[in-house]
Every structure is written in C-alpha cells, then in structure tokens.
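Here is the file final.cif (mmCIF, C-alpha atoms).
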```
data_work
#
loop_
_atom_site.label_atom_id
_atom_site.label_comp_id
_atom_site.auth_asym_id
_atom_site.auth_seq_id
_atom_site.Cartn_x
_atom_site.Cartn_y
_atom_site.Cartn_z
CA MET A 1 115.77 78.74 35.04
CA LYS A 2 114.12 81.11 37.52
CA TYR A 3 110.44 80.13 37.48
CA CYS A 4 108.49 76.88 37.56
CA SER A 5 107.24 76.07 34.06
CA LEU A 6 104.15 74.37 35.53
CA CYS A 7 102.90 76.93 38.07
CA GLY A 8 104.94 80.10 37.40
CA GLN A 9 106.29 80.45 40.95
CA PRO A 10 110.05 80.84 41.67
CA VAL A 11 112.35 77.82 41.76
CA GLU A 12 115.20 77.21 44.16
CA TRP A 13 118.47 75.37 43.44
CA LYS A 14 118.73 72.49 45.88
CA ILE A 15 119.31 68.75 46.16
CA PRO A 16 115.89 67.06 46.24
CA GLU A 17 115.33 64.43 48.91
CA GLY A 18 116.76 61.11 47.77
CA ASP A 19 118.74 62.76 44.98
CA THR A 20 122.49 63.35 44.71
CA LEU A 21 122.67 66.50 42.57
CA PRO A 22 121.15 69.98 42.89
CA ARG A 23 118.11 70.65 40.69
CA HIS A 24 115.67 73.47 40.11
CA VAL A 25 112.81 72.78 42.56
CA CYS A 26 109.62 74.86 42.66
CA ILE A 27 109.06 76.54 46.04
CA ALA A 28 105.28 76.25 45.56
CA CYS A 29 104.35 72.99 43.80
CA ARG A 30 107.69 71.20 44.62
CA THR A 31 108.14 70.00 41.03
CA VAL A 32 111.75 69.00 40.32
CA HIS A 33 112.94 70.29 36.94
CA TYR A 34 115.66 68.13 35.43
CA ARG A 35 118.09 69.29 32.75
CA ASN A 36 119.83 66.61 30.73
CA PRO A 37 122.18 66.40 27.74
CA VAL A 38 120.60 66.61 24.32
CA ILE A 39 121.23 64.45 21.29
CA VAL A 40 122.60 65.79 18.01
CA ALA A 41 121.87 63.35 15.17
CA GLY A 42 123.72 63.65 11.88
CA CYS A 43 125.14 61.81 8.91
CA VAL A 44 127.94 61.75 6.36
CA PRO A 45 126.10 61.79 3.00
CA GLU A 46 128.13 60.21 0.19
CA ARG A 47 127.56 59.96 -3.55
CA ASP A 48 130.09 58.85 -6.18
CA GLY A 49 132.77 58.89 -3.49
CA ARG A 50 132.22 62.51 -2.54
CA ILE A 51 130.84 63.89 0.75
CA LEU A 52 128.16 66.54 1.18
CA LEU A 53 129.12 69.29 3.62
CA CYS A 54 127.28 72.43 4.71
CA ARG A 55 128.75 75.82 5.59
CA ARG A 56 126.95 77.08 8.69
CA ALA A 57 124.91 80.29 8.51
CA ILE A 58 124.27 80.35 12.27
CA GLU A 59 126.24 80.46 15.50
CA PRO A 60 128.07 78.74 16.93
CA ARG A 61 130.80 78.50 14.31
CA SER A 62 129.02 80.41 11.58
CA GLY A 63 130.99 80.23 8.33
CA PHE A 64 132.55 76.87 9.16
CA TRP A 65 131.76 73.54 7.52
CA THR A 66 129.88 70.62 9.01
CA VAL A 67 128.06 67.46 8.07
CA PRO A 68 124.26 67.76 8.27
CA ALA A 69 123.35 67.36 11.94
CA GLY A 70 121.04 68.85 14.54
CA PHE A 71 118.98 68.35 17.67
CA LEU A 72 116.88 65.21 17.77
CA GLU A 73 113.19 66.06 18.13
CA ASN A 74 110.59 64.35 20.28
CA GLY A 75 108.75 61.74 18.23
CA GLU A 76 111.55 60.71 15.90
CA THR A 77 114.24 58.03 15.84
CA LEU A 78 117.94 58.86 15.54
CA GLU A 79 117.84 57.77 11.90
CA ALA A 80 114.80 59.96 11.17
CA GLY A 81 116.45 62.92 12.88
CA ALA A 82 119.63 62.57 10.83
CA ALA A 83 117.62 62.35 7.59
CA ARG A 84 115.43 65.34 8.53
CA GLU A 85 118.45 67.49 9.36
CA THR A 86 119.98 66.62 6.00
CA LEU A 87 116.82 67.74 4.24
CA GLU A 88 116.60 70.94 6.28
CA GLU A 89 120.24 71.99 6.18
CA ALA A 90 121.37 70.64 2.81
CA MET A 91 118.04 70.20 0.97
CA ALA A 92 119.15 66.66 0.21
CA ARG A 93 117.47 63.28 0.52
CA VAL A 94 119.43 60.38 1.97
CA ASP A 95 119.19 56.72 2.82
CA ILE A 96 120.55 56.47 6.36
CA GLY A 97 123.07 53.66 6.78
CA ARG A 98 125.14 52.49 9.71
CA LEU A 99 125.57 54.26 13.07
CA PHE A 100 129.37 54.55 13.09
CA ALA A 101 130.43 57.36 15.46
CA ILE A 102 129.39 58.83 18.79
CA ALA A 103 131.02 61.80 20.49
CA ASN A 104 130.41 62.82 24.08
CA VAL A 105 130.51 66.63 23.95
CA VAL A 106 130.33 67.12 27.70
CA HIS A 107 131.05 70.86 27.83
CA ALA A 108 128.12 71.53 25.50
CA ARG A 109 125.84 69.02 27.26
CA GLN A 110 125.41 67.14 24.00
CA VAL A 111 125.95 63.65 22.59
CA HIS A 112 126.60 63.62 18.84
CA ILE A 113 125.47 60.49 17.00
CA MET A 114 126.58 60.02 13.40
CA PHE A 115 125.42 57.69 10.63
CA THR A 116 126.73 56.84 7.22
CA ALA A 117 124.33 57.87 4.46
CA ARG A 118 123.82 57.60 0.72
CA LEU A 119 122.63 60.64 -1.22
CA LEU A 120 119.61 59.55 -3.21
CA ASP A 121 120.12 61.96 -6.10
CA GLU A 122 122.18 64.94 -7.23
CA ALA A 123 119.90 67.49 -5.59
CA TYR A 124 121.26 69.54 -2.70
CA GLY A 125 121.37 73.19 -1.67
CA ALA A 126 121.56 75.66 1.19
CA GLY A 127 118.78 75.39 3.76
CA HIS A 128 117.82 78.10 6.28
CA GLU A 129 120.81 77.51 8.54
CA THR A 130 123.31 77.00 5.72
CA LEU A 131 125.35 79.46 3.63
CA GLU A 132 126.25 76.89 1.00
CA ALA A 133 126.29 73.14 0.50
CA ALA A 134 128.94 71.39 -1.57
CA MET A 135 130.37 67.97 -2.44
CA PHE A 136 133.97 67.21 -1.48
CA ASP A 137 136.43 64.52 -2.43
CA GLU A 138 138.33 63.17 0.57
CA ASP A 139 141.49 65.07 -0.35
CA ARG A 140 139.55 68.34 -0.64
CA ILE A 141 137.86 68.28 2.78
CA PRO A 142 138.51 71.71 4.38
CA TRP A 143 139.86 70.26 7.62
CA ALA A 144 140.96 73.61 9.04
CA GLU A 145 137.46 75.00 8.50
CA ILE A 146 135.40 72.20 10.03
CA ALA A 147 133.05 73.62 12.66
CA PHE A 148 133.34 71.10 15.49
CA PRO A 149 135.81 68.50 16.80
CA SER A 150 133.04 65.90 16.76
CA VAL A 151 132.67 66.41 12.99
CA ILE A 152 136.42 66.12 12.42
CA PHE A 153 136.33 62.90 14.47
CA ALA A 154 133.41 61.51 12.48
CA LEU A 155 134.88 62.38 9.08
CA ARG A 156 138.34 60.94 9.95
CA ARG A 157 136.82 57.67 11.16
CA TYR A 158 134.46 57.59 8.18
CA PHE A 159 137.33 57.75 5.68
CA GLU A 160 139.39 55.22 7.67
CA ASP A 161 136.49 52.77 7.67
CA ARG A 162 135.83 53.37 3.98
CA GLU A 163 139.49 52.62 3.24
CA SER A 164 139.70 49.50 5.41
CA GLY A 165 136.19 48.17 4.99
CA ALA A 166 135.78 48.09 8.79
CA GLN A 167 132.32 48.30 10.37
CA ARG A 168 133.26 49.61 13.79
CA LEU A 169 131.50 51.95 16.19
CA HIS A 170 133.81 54.79 17.12
CA LEU A 171 133.21 56.41 20.51
CA THR A 172 135.06 59.42 21.86
CA ALA A 173 134.86 62.39 24.17
CA VAL A 174 135.82 65.70 22.58
CA GLU A 175 137.08 68.82 24.33
CA ARG A 176 135.89 72.36 23.91
CA PRO A 177 137.47 73.75 20.72
CA ALA A 178 140.06 76.49 21.31
CA SER A 179 138.28 78.89 19.00
CA GLY A 180 134.73 78.29 20.11
CA MET B 1 104.69 73.68 30.33
CA LYS B 2 102.48 76.66 31.12
CA TYR B 3 104.91 79.38 32.19
CA CYS B 4 108.24 80.71 30.95
CA SER B 5 111.05 79.36 33.14
CA LEU B 6 113.06 82.54 32.58
CA CYS B 7 110.49 85.31 33.24
CA GLY B 8 107.48 83.53 34.79
CA GLN B 9 104.97 84.79 32.22
CA PRO B 10 102.63 82.43 30.31
CA VAL B 11 103.82 80.55 27.23
CA GLU B 12 101.88 79.88 24.06
CA TRP B 13 102.13 76.82 21.81
CA LYS B 14 103.11 78.01 18.32
CA ILE B 15 105.55 77.52 15.47
CA PRO B 16 108.37 80.06 15.91
CA GLU B 17 109.42 82.04 12.86
CA GLY B 18 111.81 79.98 10.73
CA ASP B 19 110.95 76.78 12.60
CA THR B 20 108.92 73.80 11.42
CA LEU B 21 107.41 72.48 14.66
CA PRO B 22 105.31 74.08 17.41
CA ARG B 23 107.18 75.01 20.59
CA HIS B 24 106.39 76.68 23.88
CA VAL B 25 107.09 80.38 23.28
CA CYS B 26 106.91 83.03 26.03
CA ILE B 27 104.33 85.73 25.34
CA ALA B 28 106.49 88.29 27.17
CA CYS B 29 110.21 87.64 26.56
CA ARG B 30 109.67 85.52 23.38
CA THR B 31 112.03 82.78 24.57
CA VAL B 32 111.49 79.50 22.70
CA HIS B 33 111.53 76.51 25.03
CA TYR B 34 112.65 73.32 23.31
CA ARG B 35 111.88 69.83 24.56
CA ASN B 36 114.05 67.03 23.28
CA PRO B 37 114.49 63.30 23.88
CA VAL B 38 116.64 62.31 26.84
CA ILE B 39 119.36 59.70 27.00
CA VAL B 40 119.19 56.65 29.25
CA ALA B 41 122.68 55.17 29.76
CA GLY B 42 123.08 51.68 31.13
CA CYS B 43 125.18 48.53 31.09
CA VAL B 44 125.09 44.74 31.34
CA PRO B 45 127.43 43.98 34.26
CA GLU B 46 128.97 40.50 34.04
CA ARG B 47 131.13 38.49 36.44
CA ASP B 48 131.99 34.79 36.17
CA GLY B 49 129.49 34.49 33.34
CA ARG B 50 126.56 35.81 35.34
CA ILE B 51 124.67 39.07 34.86
CA LEU B 52 123.71 41.60 37.53
CA LEU B 53 120.05 42.67 37.37
CA CYS B 54 118.02 45.02 39.59
CA ARG B 55 114.37 44.72 40.55
CA ARG B 56 112.84 48.18 40.31
CA ALA B 57 111.45 49.88 43.42
CA ILE B 58 110.00 52.80 41.45
CA GLU B 59 107.53 53.40 38.65
CA PRO B 60 107.32 52.81 35.80
CA ARG B 61 107.42 49.00 36.01
CA SER B 62 108.04 48.75 39.74
CA GLY B 63 108.74 45.13 40.72
CA PHE B 64 110.19 44.25 37.31
CA TRP B 65 113.82 43.51 36.53
CA THR B 66 116.24 45.68 34.58
CA VAL B 67 119.91 46.20 33.94
CA PRO B 68 121.36 49.24 35.74
CA ALA B 69 120.43 52.28 33.64
CA GLY B 70 119.19 55.82 34.06
CA PHE B 71 119.10 59.36 32.76
CA LEU B 72 122.42 60.77 31.62
CA GLU B 73 123.33 63.87 33.65
CA ASN B 74 124.85 67.11 32.40
CA GLY B 75 128.62 66.99 32.81
CA GLU B 76 129.16 63.28 32.29
CA THR B 77 129.96 60.99 29.37
CA LEU B 78 127.76 58.04 28.40
CA GLU B 79 130.29 55.69 29.99
CA ALA B 80 130.37 57.70 33.23
CA GLY B 81 126.58 57.77 33.34
CA ALA B 82 126.30 54.01 32.92
CA ALA B 83 128.88 53.42 35.68
CA ARG B 84 127.20 55.91 38.03
CA GLU B 85 123.79 54.34 37.54
CA THR B 86 125.26 50.92 38.34
CA LEU B 87 126.69 52.27 41.58
CA GLU B 88 123.43 54.02 42.50
CA GLU B 89 120.99 51.27 41.59
CA ALA B 90 123.01 48.13 42.28
CA MET B 91 125.74 49.44 44.63
CA ALA B 92 128.24 47.83 42.30
CA ARG B 93 131.46 49.04 40.68
CA VAL B 94 132.08 48.26 37.01
CA ASP B 95 134.58 48.72 34.24
CA ILE B 96 132.54 49.94 31.29
CA GLY B 97 133.31 48.09 28.07
CA ARG B 98 131.87 48.32 24.58
CA LEU B 99 128.81 50.29 23.46
CA PHE B 100 126.80 47.45 21.92
CA ALA B 101 123.10 48.40 21.81
CA ILE B 102 120.95 51.46 21.19
CA ALA B 103 117.16 51.55 21.33
CA ASN B 104 115.03 54.40 20.06
CA VAL B 105 112.16 54.55 22.57
CA VAL B 106 110.19 57.15 20.67
CA HIS B 107 106.94 56.98 22.68
CA ALA B 108 108.87 57.74 25.88
CA ARG B 109 111.02 60.42 24.22
CA GLN B 110 114.15 58.49 25.17
CA VAL B 111 117.17 56.90 23.54
CA HIS B 112 118.60 53.97 25.53
CA ILE B 113 122.34 53.40 25.13
CA MET B 114 123.82 50.19 26.55
CA PHE B 115 127.38 49.10 27.26
CA THR B 116 128.97 45.83 28.20
CA ALA B 117 130.57 45.96 31.65
CA ARG B 118 132.71 43.90 33.99
CA LEU B 119 131.84 43.79 37.69
CA LEU B 120 134.99 44.70 39.57
CA ASP B 121 134.22 42.66 42.68
CA GLU B 122 131.53 40.57 44.36
CA ALA B 123 129.90 43.57 46.04
CA TYR B 124 126.40 44.57 44.99
CA GLY B 125 123.12 45.44 46.66
CA ALA B 126 119.86 47.33 46.42
CA GLY B 127 120.20 51.09 45.93
CA HIS B 128 117.43 53.64 46.60
CA GLU B 129 115.47 52.80 43.47
CA THR B 130 115.95 49.03 43.71
CA LEU B 131 114.08 46.33 45.66
CA GLU B 132 116.82 43.74 45.20
CA ALA B 133 119.88 43.10 43.06
CA ALA B 134 120.90 39.61 41.99
CA MET B 135 123.23 37.71 39.65
CA PHE B 136 121.69 35.54 36.93
CA ASP B 137 123.02 32.85 34.66
CA GLU B 138 121.79 33.26 31.08
CA ASP B 139 119.30 30.39 31.46
CA ARG B 140 117.84 31.94 34.62
CA ILE B 141 117.13 35.43 33.25
CA PRO B 142 113.49 36.23 34.21
CA TRP B 143 112.49 37.19 30.66
CA ALA B 144 108.78 37.54 31.47
CA GLU B 145 109.60 39.94 34.28
CA ILE B 146 112.00 42.28 32.47
CA ALA B 147 110.83 45.87 32.85
CA PHE B 148 111.31 47.28 29.35
CA PRO B 149 111.53 46.06 25.74
CA SER B 150 114.84 47.93 25.35
CA VAL B 151 116.32 45.82 28.16
CA ILE B 152 115.05 42.59 26.61
CA PHE B 153 116.59 43.71 23.32
CA ALA B 154 119.92 44.54 24.96
CA LEU B 155 120.12 41.29 26.92
CA ARG B 156 119.21 39.13 23.91
CA ARG B 157 121.85 40.80 21.73
CA TYR B 158 124.37 40.65 24.58
CA PHE B 159 124.04 36.89 24.90
CA GLU B 160 124.09 36.42 21.12
CA ASP B 161 127.31 38.41 20.84
CA ARG B 162 128.83 36.58 23.80
CA GLU B 163 128.04 33.27 22.10
CA SER B 164 129.32 34.27 18.66
CA GLY B 165 132.16 36.56 19.66
CA ALA B 166 130.71 39.31 17.47
CA GLN B 167 131.41 42.97 18.21
CA ARG B 168 128.43 44.57 16.53
CA LEU B 169 126.39 47.63 17.37
CA HIS B 170 122.71 46.71 17.58
CA LEU B 171 120.23 49.47 16.82
CA THR B 172 116.47 49.18 17.10
CA ALA B 173 113.26 51.06 17.71
CA VAL B 174 111.03 49.58 20.39
CA GLU B 175 107.29 49.97 20.76
CA ARG B 176 105.34 50.88 23.84
CA PRO B 177 105.00 47.74 26.01
CA ALA B 178 101.49 46.36 26.21
CA SER B 179 101.47 46.48 29.99
CA GLY B 180 103.02 49.87 30.55
#
```
Will you turn the file into structure tokens for me?
Amino acid sequence: MKYCSLCGQPVEWKIPEGDTLPRHVCIACRTVHYRNPVIVAGCVPERDGRILLCRRAIEPRSGFWTVPAGFLENGETLEAGAARETLEEAMARVDIGRLFAIANVVHARQVHIMFTARLLDEAYGAGHETLEAAMFDEDRIPWAEIAFPSVIFALRRYFEDRESGAQRLHLTAVERPASG
Amino acid sequence: MKYCSLCGQPVEWKIPEGDTLPRHVCIACRTVHYRNPVIVAGCVPERDGRILLCRRAIEPRSGFWTVPAGFLENGETLEAGAARETLEEAMARVDIGRLFAIANVVHARQVHIMFTARLLDEAYGAGHETLEAAMFDEDRIPWAEIAFPSVIFALRRYFEDRESGAQRLHLTAVERPASG
C-alpha cells in the first residue's frame, strides 16, 4: 500500500497513537488502514463414501488437488461461502454439514475453515479455477499431490472422524509448505 | 474506497473479467482490490468459577459489557489473537483452551471466534479500550448490558457446556442488534 484509498494521498508506515503495531496511515486525512487475515471457507463433499476433489488451474499450487475452498465474501456466512466455492470450483451442489477443522495459516495471513458436506447429486465438473474434478475413495486420495497442508490436515481428520464416529473440532497451525 | 492504494489513481466499481461480484478496480494499473470479512478472536476467561468481562470505552456499544475480543492481526494464530486481546483490553493473562463458539456476523462483515480460557492469576484491569474490568458469577452476568449478540450467544453456550460437560462447537449467524 502506497496511497490512501479514501483521498489518494501517500500513506506512511507508523504506529498510530494508542496502537501497538505499525499501520498504513494517510499523511493527509490521517485514516488508518488496517490489514487483517482473510478467511478461506471450504468443505469435504462426500457421496457414496467418495470425496470430491478439484485439481487447481491457478496459482498457487496449480496442478495440485484440493477440496473446494476459497475466500469468504462480504455478505455471506461461512457455510454459504463453502457452498458457493463448491459450486464455482467443482460445479457441484452440496448440503453443508458440520464445521470440523480450522487451520491457522499464519504465513499466508489466512484462516482456513472446513465443513463436512454431502453432494446433492452426481453432477460435478471443472469450474473456472479448476483443471478437473473427480471423486476419490479414501485409499485413492493423491496425498502427495494435495495442494496445501491445511487440506491434508482436513482430509486426514475427516477420515479419522468418519472411521471413529467422532464429532470433534480439529484446530491446528500449519507451516509454509516446502514446495510453495 | 475511491483511489488505488498501489498507484493513487481512481478506482471504478465493476465486475472483473472472470469474476462474479463487483470489486474496486483501478482505472490505471487494473489492480483488483478485494474486501473480505475480518475475524474477531476472543475468549471467556474463567477463574474460580467467575468470568472476566470488560465494559467498553469505545464505539460501537461504548458502556456495554463484552468478553475480551478483537480483530485478529496478521502474523498471529486465533489463539494468540484471543490471548493478546485479553491482555490489551483486560490487562489479564490467560491460557487459551477450546474453540467453542463461532458467530457469523454478516451485517458487520465479521466472523467472531471464541475460546474458553483460564485466567492465570488474580490480576486484571481496564486497558485502553475498557472502562472497567470485573469478575462475574454466572447469576450476576449483566445480560441486558452485553454489547453484542455474538457475546450473548457465546456466554450462554459457555455456561450450558460448563453445566453439561459437553465439548461442542456452537455455530450461529447473528442479526444486527436493534440498538446498534
């Protein structure tokens, strides 16, 4: 950030009075511009025991697999965001279930929030940001080609809970992946 | 937003190519400026059965009571944010426990994420944004003077879980309060 988004004048990087961290502060209108982590909302869509994954068509991690997930928009709930992303990325309609996993992704300034989900029908496909969408049995999940540690975390916990019948919330902090 | 924060030129409000929602787009450098919901991280600090609340010194809802909570900062986990806010607002040190409540506060473009917490000692006080901090038994909680519906939700579920011994995650969407 170099300019004030309200008045167009330059910003400086300083600790505002009464604050504890440096922020972008406009030299003209004195507006303080905060930057905060963003929420990624997603889900693990299941039907007949199999999981719907998407192969990413965009960076980061283009070509790798993920569950449907993306940035929460203003005006929607977490559940609505997860369902919308599933429609956009995998062209699939879901019933959102239980919030079961949260990953602090500090290096990316993101918090990933994952729900269980039930695919409503057999329809799915590749949305704009997806190379292909496909259904996987648990023993066919391409673990080495999963895009993000938060997705590996969510899928592992998902299968553990499915096996045990547990209804836990799993919370973690994931590190920057070596390859991305 | 009226000006591009990167180049200082005016922005227009339009749907970028390949997108589905209008965004602020710079007329000069074409940067798309996204706005997304922010995370409020907080906790319910308990010691000897009593709960630490803060009476707000700032708007919105100045003069009303809340649990310690505030905007998650870049570079910190949800747990770290909740602990930092408790130190800043109530001058109190906590061990953060279980993530037990999440409230979609769609009208405010916020998601409130609440943890249980254990006060580490008897020390607490009024931080910059607080008029007073005080410990409350469950039957003395000033329900009519709680600042936000998300805090009422969190406190109600907290006491229910404490009574029953349950370890659930409570998820809700709260409406705009009538008075604020």
Residues of chain B within 6 Å of chain A, all atoms listed in the file counted, as a list in words:
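Only these qualify: Met1, Lys2, Tyr3, Cys4, Ser5, Leu6, Gly8, Asn36, Pro37, Glu73, Asn74, Gly75, Thr77, Asn104, Val106 and Arg109 of chain B.
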Report as a PyMOL selection string the residues that result from applying the PyMOL selection byres ((chain B and resi 32) around 10) to the structure here.
chain B and resi 4+11-16+22-27+29-31+33-35
Within 12 Å of segment 138-141 of chain A, counting only C-alpha atoms, which residues show up once you throw out same-chain ones fewer than 6 positions away? Write them as a list of chain:residue names, please.
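Within the cut-off, the hits are A:Val44, A:Glu46, A:Arg47, A:Asp48, A:Gly49, A:Arg50, A:Ile51, A:Leu52, A:Leu53, A:Cys54, A:Phe64, A:Trp65, A:Thr66, A:Val67, A:Val151, A:Ile152, A:Leu155, A:Arg156, A:Tyr158, A:Phe159, A:Glu160, A:Arg162, A:Glu163.
Among the candidates B:Glu175, B:Asp137, B:Asp161, B:Glu132, the residue lying nearest to Gly63 of chain B is B:Glu132 (atoms considered: only C-alpha atoms).
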Atom-to-atom span, atom CA of Glu59 of chain B and atom CA of Ala28 of chain A, Å:
24.0 Å
May I have the residues within 8 Å of Ala133 of chain A as a PyMOL selection string, using all atoms listed in the file and disregarding those fewer than 2 positions away in the same chain?
chain A and resi 52-55+90+124-126+130-131+135
Using only C-alpha atoms, can you tell me which of B:Ala147, B:Gly81, B:Ala92, B:Cys43 comes closest to Pro68 of chain B?
B:Cys43
What is the distance, in Å and to one decimal place, between atom CA of Ala101 of chain A and atom CA of Phe153 of chain A?
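Computing it gives 8.2 Å between the two atoms.
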With all atoms listed in the file as the counted atoms, please give the residues lying no more than 9 Å from Val94 of chain A, apart from itself and same-chain residues fewer than 5 positions off, as a VMD selection string.
chain A and resid 45 to 46 83 86 to 87 117 to 121
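Atom CA of Met114 of chain B is positioned 18.7 Å from atom CA of Arg176 of chain B.
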